[in-house]
>>> print(open('work.tsv').read())   # TSV, C-alpha atoms
chain	number	residue	atom	x	y	z
A	1	MET	CA	12.94	12.06	28.72
A	2	ALA	CA	10.46	12.73	26.02
A	3	GLU	CA	6.74	12.98	26.65
A	4	PRO	CA	4.61	9.88	25.94
A	5	MET	CA	3.19	9.30	22.48
A	6	LYS	CA	-0.51	9.41	21.80
A	7	ILE	CA	-1.55	6.20	20.06
A	8	ARG	CA	-5.05	5.35	18.84
A	9	ALA	CA	-5.82	2.06	17.11
A	10	GLN	CA	-9.37	1.65	15.92
A	11	ALA	CA	-10.63	-1.60	14.39
A	12	THR	CA	-13.35	-1.60	11.71
A	13	GLY	CA	-13.87	-5.16	10.53
A	14	ASP	CA	-10.54	-6.58	9.38
A	15	LYS	CA	-8.86	-3.20	9.15
A	16	THR	CA	-7.36	-1.25	12.04
A	17	VAL	CA	-6.44	2.38	11.59
A	18	VAL	CA	-3.49	3.39	13.76
A	19	ARG	CA	-2.77	7.05	14.50
A	20	VAL	CA	0.37	8.07	16.34
A	21	LEU	CA	1.39	11.51	17.62
A	22	MET	CA	4.97	11.74	18.90
A	23	ALA	CA	6.30	14.54	21.10
A	24	HIS	CA	9.53	15.59	19.41
A	25	GLU	CA	11.05	18.88	18.25
A	26	MET	CA	12.25	17.46	14.90
A	27	GLU	CA	14.83	20.24	14.60
A	28	SER	CA	15.82	20.39	10.92
A	29	GLY	CA	19.40	21.60	11.37
A	30	GLN	CA	18.63	24.44	8.89
A	31	ARG	CA	17.45	26.96	11.48
A	32	LYS	CA	19.53	29.63	13.21
A	33	ASP	CA	18.90	30.87	16.75
A	34	ALA	CA	18.51	34.54	17.82
A	35	ASN	CA	22.31	34.94	17.85
A	36	GLY	CA	22.66	33.62	14.31
A	37	LYS	CA	24.09	30.31	15.47
A	38	ALA	CA	22.98	27.20	13.61
A	39	VAL	CA	20.66	25.01	15.68
A	40	PRO	CA	21.90	21.42	15.33
A	41	ALA	CA	19.60	18.83	13.78
A	42	TRP	CA	17.67	16.76	16.32
A	43	PHE	CA	15.14	14.35	14.89
A	44	ILE	CA	13.62	10.89	15.10
A	45	ARG	CA	15.53	8.61	12.74
A	46	GLU	CA	13.89	5.25	13.32
A	47	VAL	CA	10.38	4.14	14.13
A	48	GLY	CA	9.21	0.61	14.84
A	49	VAL	CA	5.71	-0.78	15.33
A	50	ALA	CA	4.86	-4.16	16.82
A	51	LEU	CA	1.53	-5.98	17.06
A	52	ASN	CA	1.36	-8.21	20.16
A	53	GLY	CA	5.15	-8.03	20.36
A	54	ARG	CA	5.72	-9.04	16.71
A	55	PRO	CA	7.35	-6.36	14.48
A	56	VAL	CA	5.01	-5.29	11.67
A	57	LEU	CA	6.45	-2.00	10.43
A	58	SER	CA	9.74	-0.17	10.49
A	59	ALA	CA	10.54	3.27	9.16
A	60	GLN	CA	13.49	5.60	8.76
A	61	TRP	CA	12.96	9.35	8.85
A	62	GLY	CA	14.94	12.44	7.99
A	63	PRO	CA	14.76	15.87	9.64
A	64	ALA	CA	12.02	17.06	7.24
A	65	VAL	CA	9.29	15.18	9.09
A	66	ALA	CA	7.26	17.91	10.80
A	67	LYS	CA	7.57	18.81	14.48
A	68	THR	CA	5.41	16.62	16.76
A	69	PRO	CA	5.28	13.86	14.10
A	70	PHE	CA	1.89	12.49	13.14
A	71	LEU	CA	1.76	9.10	11.45
A	72	GLN	CA	-1.28	7.20	10.26
A	73	PHE	CA	-1.37	3.71	8.76
A	74	SER	CA	-3.62	0.64	8.55
A	75	LEU	CA	-3.15	-2.88	9.87
A	76	ARG	CA	-4.86	-6.03	8.65
A	77	GLY	CA	-5.85	-8.83	10.98
A	78	ALA	CA	-5.67	-6.95	14.30
A	79	LYS	CA	-8.53	-7.43	16.78
A	80	PRO	CA	-9.83	-5.29	19.63
A	81	GLY	CA	-7.66	-5.96	22.69
A	82	ASP	CA	-4.51	-6.54	20.61
A	83	ARG	CA	-1.45	-4.63	21.78
A	84	ILE	CA	0.25	-2.06	19.55
A	85	THR	CA	3.74	-0.93	20.55
A	86	VAL	CA	5.42	2.05	18.91
A	87	THR	CA	9.11	2.80	19.46
A	88	TRP	CA	11.24	5.67	18.21
A	89	LEU	CA	14.94	6.41	18.31
A	90	ASP	CA	16.39	9.86	17.60
A	91	ASN	CA	19.80	10.99	16.32
A	92	ARG	CA	20.97	11.72	19.88
A	93	GLY	CA	20.32	8.13	20.86
A	94	ASP	CA	17.26	9.03	22.93
A	95	ASN	CA	14.34	6.65	22.55
A	96	ARG	CA	10.80	6.08	23.70
A	97	SER	CA	8.34	3.20	23.56
A	98	ASP	CA	4.58	3.37	24.20
A	99	GLU	CA	1.66	0.98	23.92
A	100	ALA	CA	-2.03	1.08	23.19
A	101	LEU	CA	-4.75	-1.52	22.85
A	102	VAL	CA	-6.82	-1.85	19.69
A	103	VAL	CA	-10.40	-0.69	20.29
B	1	MET	CA	44.44	1.47	40.94
B	2	PRO	CA	43.64	0.77	37.26
B	3	THR	CA	45.99	2.31	34.75
B	4	ARG	CA	44.69	4.31	31.84
B	5	ARG	CA	45.60	1.43	29.54
B	6	HIS	CA	43.48	-1.01	31.54
B	7	VAL	CA	40.52	1.32	31.58
B	8	ILE	CA	40.65	1.71	27.81
B	9	GLN	CA	40.97	-2.04	27.31
B	10	HIS	CA	38.03	-2.67	29.63
B	11	ALA	CA	35.90	-0.04	27.89
B	12	ALA	CA	36.66	-1.66	24.54
B	13	THR	CA	35.66	-5.10	25.85
B	14	VAL	CA	32.39	-3.79	27.25
B	15	ALA	CA	31.61	-1.91	24.05
B	16	ALA	CA	32.27	-5.05	21.97
B	17	ALA	CA	30.02	-7.10	24.27
B	18	LEU	CA	27.21	-4.55	24.08
B	19	ALA	CA	27.53	-4.27	20.31
B	20	GLY	CA	27.29	-8.06	20.10
B	21	LEU	CA	24.04	-7.96	22.03
B	22	GLY	CA	22.73	-5.14	19.89
B	23	LEU	CA	22.45	-2.93	22.97
B	24	LEU	CA	24.83	-0.20	21.93
B	25	PRO	CA	22.95	2.84	20.60
B	26	GLY	CA	25.56	3.18	17.84
B	27	ALA	CA	24.93	-0.36	16.67
B	28	ALA	CA	21.17	0.12	16.81
B	29	GLN	CA	21.38	3.31	14.78
B	30	ALA	CA	23.38	1.62	12.04
B	31	ALA	CA	19.97	0.78	10.50
B	32	TRP	CA	19.57	4.41	9.45
B	33	SER	CA	20.59	4.87	5.79
B	34	ARG	CA	22.77	7.94	6.24
B	35	ALA	CA	23.95	8.30	2.64
B	36	ALA	CA	20.38	8.17	1.31
B	37	PHE	CA	19.09	10.69	3.85
B	38	GLU	CA	21.93	13.10	3.15
B	39	ALA	CA	21.48	12.98	-0.65
B	40	ASN	CA	20.17	16.16	-2.23
B	41	SER	CA	18.54	14.84	-5.36
B	42	LEU	CA	16.06	12.08	-6.17
B	43	ALA	CA	18.63	10.22	-8.30
B	44	GLU	CA	21.32	10.43	-5.62
B	45	ALA	CA	18.98	9.22	-2.86
B	46	LEU	CA	17.81	6.24	-4.93
B	47	GLN	CA	21.37	5.42	-5.92
B	48	ALA	CA	22.40	5.41	-2.24
B	49	LEU	CA	19.64	2.87	-1.61
B	50	GLY	CA	20.80	0.77	-4.57
B	51	VAL	CA	17.60	1.30	-6.49
B	52	ALA	CA	17.08	1.49	-10.27
B	53	ALA	CA	15.51	4.53	-11.95
B	54	PRO	CA	11.80	4.62	-11.10
B	55	VAL	CA	8.97	4.35	-13.63
B	56	ASP	CA	5.87	6.58	-13.52
B	57	SER	CA	2.95	4.39	-12.45
B	58	ARG	CA	-0.71	4.51	-11.48
B	59	GLU	CA	-0.03	1.76	-8.96
B	60	VAL	CA	1.52	4.37	-6.69
B	61	THR	CA	-0.27	7.47	-5.44
B	62	ILE	CA	0.66	10.58	-3.56
B	63	THR	CA	-1.91	12.99	-2.19
B	64	GLY	CA	-1.53	16.30	-0.45
B	65	PRO	CA	-2.73	19.88	-0.69
B	66	GLU	CA	-2.31	21.75	-3.97
B	67	ILE	CA	-1.31	24.79	-1.96
B	68	ALA	CA	0.14	24.47	1.54
B	69	GLU	CA	-0.25	27.63	3.61
B	70	ASN	CA	2.21	26.41	6.22
B	71	GLY	CA	5.39	24.77	4.95
B	72	ALA	CA	6.19	23.60	8.49
B	73	ALA	CA	3.45	20.95	8.48
B	74	VAL	CA	2.20	19.71	5.12
B	75	PRO	CA	-0.01	16.60	5.31
B	76	VAL	CA	0.98	14.04	2.68
B	77	THR	CA	-0.29	10.50	2.03
B	78	ILE	CA	1.70	7.96	0.04
B	79	SER	CA	0.34	4.58	-0.98
B	80	ALA	CA	0.82	1.73	-3.42
B	81	THR	CA	-1.70	-0.77	-4.79
B	82	ALA	CA	0.97	-2.90	-6.49
B	83	PRO	CA	1.62	-6.27	-4.79
B	84	GLY	CA	4.74	-7.01	-2.74
B	85	VAL	CA	5.76	-3.54	-1.59
B	86	LYS	CA	9.10	-3.88	0.19
B	87	ARG	CA	9.73	-0.20	0.72
B	88	LEU	CA	7.75	2.98	0.22
B	89	LEU	CA	9.66	6.27	0.08
B	90	LEU	CA	8.67	9.90	0.37
B	91	LEU	CA	10.94	12.48	-1.26
B	92	VAL	CA	10.76	16.27	-1.57
B	93	GLU	CA	12.74	17.48	-4.58
B	94	LYS	CA	13.64	20.98	-3.38
B	95	ASN	CA	14.28	20.31	0.31
B	96	PRO	CA	17.92	20.52	1.50
B	97	ALA	CA	17.83	16.72	1.85
B	98	THR	CA	15.51	15.00	-0.62
B	99	LEU	CA	14.59	11.76	1.15
B	100	THR	CA	12.15	12.44	3.98
B	101	ALA	CA	10.80	9.04	4.98
B	102	LEU	CA	11.32	5.38	4.17
B	103	PHE	CA	8.73	2.81	5.27
B	104	GLU	CA	9.19	-0.96	5.34
B	105	PRO	CA	5.72	-2.44	5.81
B	106	GLY	CA	5.42	-6.05	6.97
B	107	GLU	CA	2.68	-8.42	5.76
B	108	ALA	CA	0.10	-7.02	8.18
B	109	VAL	CA	0.58	-3.37	7.22
B	110	GLU	CA	-1.01	-1.75	4.17
B	111	PRO	CA	1.44	0.29	2.07
B	112	ASN	CA	-0.42	3.49	2.86
B	113	PHE	CA	1.05	6.12	5.16
B	114	GLN	CA	0.01	9.59	6.17
B	115	LEU	CA	2.65	11.92	7.56
B	116	ARG	CA	3.13	15.66	8.07
B	117	ILE	CA	6.31	17.04	6.54
B	118	LYS	CA	8.31	20.26	6.31
B	119	MET	CA	8.78	21.90	2.92
B	120	ALA	CA	11.35	24.63	2.37
B	121	GLU	CA	9.63	25.89	-0.80
B	122	SER	CA	7.18	24.89	-3.55
B	123	SER	CA	8.35	21.56	-4.93
B	124	ASN	CA	7.58	18.28	-6.57
B	125	VAL	CA	6.96	15.58	-3.97
B	126	TYR	CA	7.46	11.92	-4.90
B	127	ALA	CA	6.24	8.58	-3.63
B	128	VAL	CA	8.49	5.73	-4.75
B	129	ALA	CA	7.60	2.07	-4.24
B	130	LEU	CA	10.21	-0.70	-4.31
B	131	LEU	CA	8.53	-4.00	-5.15
B	132	ALA	CA	9.50	-7.60	-4.43
B	133	ASP	CA	9.71	-8.30	-8.19
B	134	GLY	CA	12.38	-5.61	-8.56
B	135	ARG	CA	10.15	-2.96	-10.13
B	136	VAL	CA	10.55	0.62	-8.91
B	137	LEU	CA	7.48	2.81	-9.41
B	138	TYR	CA	6.76	6.43	-8.65
B	139	ALA	CA	4.05	9.04	-8.45
B	140	ARG	CA	4.61	12.79	-8.38
B	141	ARG	CA	2.66	15.72	-7.05
B	142	GLU	CA	3.50	19.37	-7.10
B	143	ILE	CA	2.78	21.16	-3.83
B	144	ARG	CA	2.97	24.93	-3.71
B	145	VAL	CA	3.97	26.49	-0.42
B	146	THR	CA	2.87	29.99	0.56
B	147	LEU	CA	4.89	31.25	3.48
B	148	GLY	CA	3.06	33.50	5.88
B	149	GLY	CA	-0.12	33.12	3.83
B	150	CYS	CA	0.70	36.14	1.60
B	151	GLY	CA	-0.26	34.18	-1.51
B	152	GLU	CA	1.40	33.96	-4.88
>>> encode(input="work.tsv", output="structure tokens")
Amino acid sequence: MAEPMKIRAQATGDKTVVRVLMAHEMESGQRKDANGKAVPAWFIREVGVALNGRPVLSAQWGPAVAKTPFLQFSLRGAKPGDRITVTWLDNRGDNRSDEALVV
Amino acid sequence: MPTRRHVIQHAATVAAALAGLGLLPGAAQAAWSRAAFEANSLAEALQALGVAAPVDSREVTITGPEIAENGAAVPVTISATAPGVKRLLLLVEKNPATLTALFEPGEAVEPNFQLRIKMAESSNVYAVALLADGRVLYARREIRVTLGGCGE
């Protein structure tokens, strides 16, 4: 099971800046190990964000997103105390969902 | 004792039921646009997404370093000021697979995303916005990558 994400959602007036750090290797599939064997690709393919349980953003990623993915975006209309849920799903079918409150 | 045939039939029934509920990982992952993410040119990736040729526009921006010392984590921001952004894409021309990220922002989300990406070598990096009115706009930025900080 993957480590929890770090999620920070900071409201300034009507705008809330959301920063997410995900614990994932994001193996590109281009690398070879010490024995010269190709290391298979292992990466987050889908990301979903919900505000108080309502989906607000979805994304699809390829293996060229950097290791330990960092994503930043802005929400309109969120208030302190609102619940942000971030979910990811990788190409092995592993997934993780974490929450944070808007501050 | 169940025969092999029964086990297979049962497994198929369960799989069908799970797929119907959207619980099967395979069904959930069907959302990932495989053909687009496996394309190795800008034109091929856009074609796989069923998108027309993009037009250079100031309504889309891409920012990032001019020179990236570490190709393993290059910070890039893509954004669009045009109204009705359905999808916002990030593509790296000279990576093994061109399409890196595809965002679908809902009403509450601004079409402005910052992400760290891997770059195999110096390359043009594109932000492409797909608008509700059918327009496809792009912005381009060249990012030079110096591996190991030896400079060019």
>>> interface_residues(input="work.tsv", of="chain B", to="chain A", cutoff="7 Å", atoms="all atoms listed in the file", output="MDAnalysis selection string")
chainID B and resid 25 32 37 72:73 99:106 108:110 112:118
>>> write_last_selection(input="work.tsv", atoms="C-alpha atoms", output="compact mmCIF listing (two decimals), in the frame of the given file")
# COMPACT_ATOMS: atom_id res chain seq x y z
CA PRO B 25 22.95 2.84 20.60
CA TRP B 32 19.57 4.41 9.45
CA PHE B 37 19.09 10.69 3.85
CA ALA B 72 6.19 23.60 8.49
CA ALA B 73 3.45 20.95 8.48
CA LEU B 99 14.59 11.76 1.15
CA THR B 100 12.15 12.44 3.98
CA ALA B 101 10.80 9.04 4.98
CA LEU B 102 11.32 5.38 4.17
CA PHE B 103 8.73 2.81 5.27
CA GLU B 104 9.19 -0.96 5.34
CA PRO B 105 5.72 -2.44 5.81
CA GLY B 106 5.42 -6.05 6.97
CA ALA B 108 0.10 -7.02 8.18
CA VAL B 109 0.58 -3.37 7.22
CA GLU B 110 -1.01 -1.75 4.17
CA ASN B 112 -0.42 3.49 2.86
CA PHE B 113 1.05 6.12 5.16
CA GLN B 114 0.01 9.59 6.17
CA LEU B 115 2.65 11.92 7.56
CA ARG B 116 3.13 15.66 8.07
CA ILE B 117 6.31 17.04 6.54
CA LYS B 118 8.31 20.26 6.31
>>> residues_around(input="work.tsv", residues="Tyr138 (chain B)", least_positions_apart="5", cutoff="7 Å", atoms="only C-alpha atoms", output="list in words")
Pro54, Val55, Asp56, Ser57, Val60, Tyr126, Ala127, Val128 and Ala129 of chain B
>>> atom_distance(input="work.tsv", atom1="CA of Gly64 (chain B)", atom2="CA of Ala120 (chain B)")
15.6 Å
>>> atom_distance(input="work.tsv", atom1="CA of Pro65 (chain B)", atom2="CA of Lys86 (chain B)")
26.6 Å
>>> atom_distance(input="work.tsv", atom1="CA of Asn52 (chain A)", atom2="CA of Thr85 (chain A)")
7.7 Å
>>> closest_residue(input="work.tsv", among="B:Ile78, B:Ala45, B:Val125, B:Leu130", to="Glu66 (chain B)", atoms="only C-alpha atoms")
B:Val125
>>> residues_near_point(input="work.tsv", point="(7.1, 8.0, 26.9)", cutoff="7 Å", atoms="all atoms listed in the file", output="short mmCIF file (atom, residue, chain, number, x, y, z; two decimals) with C-alpha atoms, keeping the file's coordinate frame")
data_model
loop_
_atom_site.label_atom_id
_atom_site.label_comp_id
_atom_site.auth_asym_id
_atom_site.auth_seq_id
_atom_site.Cartn_x
_atom_site.Cartn_y
_atom_site.Cartn_z
CA ALA A 2 10.46 12.73 26.02
CA GLU A 3 6.74 12.98 26.65
CA PRO A 4 4.61 9.88 25.94
CA MET A 5 3.19 9.30 22.48
CA ARG A 96 10.80 6.08 23.70
CA SER A 97 8.34 3.20 23.56
CA ASP A 98 4.58 3.37 24.20
#
>>> closest_residue(input="work.tsv", among="B:Ala82, B:Met119, B:Ala31, B:Ile67", to="Thr98 (chain B)", atoms="all atoms listed in the file")
B:Met119
>>> residues_near_point(input="work.tsv", point="(1.0, -4.8, 22.6)", cutoff="10 Å", atoms="only C-alpha atoms", output="list in words")
Val49, Ala50, Leu51, Asn52, Gly53, Arg54, Gly81, Asp82, Arg83, Ile84, Thr85, Val86, Asp98, Glu99, Ala100, Leu101 and Val102 of chain A
>>> write_last_selection(input="work.tsv", atoms="C-alpha atoms", output="short mmCIF file (atom, residue, chain, number, x, y, z; two decimals), keeping the file's coordinate frame")
data_model
loop_
_atom_site.label_atom_id
_atom_site.label_comp_id
_atom_site.auth_asym_id
_atom_site.auth_seq_id
_atom_site.Cartn_x
_atom_site.Cartn_y
_atom_site.Cartn_z
CA VAL A 49 5.71 -0.78 15.33
CA ALA A 50 4.86 -4.16 16.82
CA LEU A 51 1.53 -5.98 17.06
CA ASN A 52 1.36 -8.21 20.16
CA GLY A 53 5.15 -8.03 20.36
CA ARG A 54 5.72 -9.04 16.71
CA GLY A 81 -7.66 -5.96 22.69
CA ASP A 82 -4.51 -6.54 20.61
CA ARG A 83 -1.45 -4.63 21.78
CA ILE A 84 0.25 -2.06 19.55
CA THR A 85 3.74 -0.93 20.55
CA VAL A 86 5.42 2.05 18.91
CA ASP A 98 4.58 3.37 24.20
CA GLU A 99 1.66 0.98 23.92
CA ALA A 100 -2.03 1.08 23.19
CA LEU A 101 -4.75 -1.52 22.85
CA VAL A 102 -6.82 -1.85 19.69
#
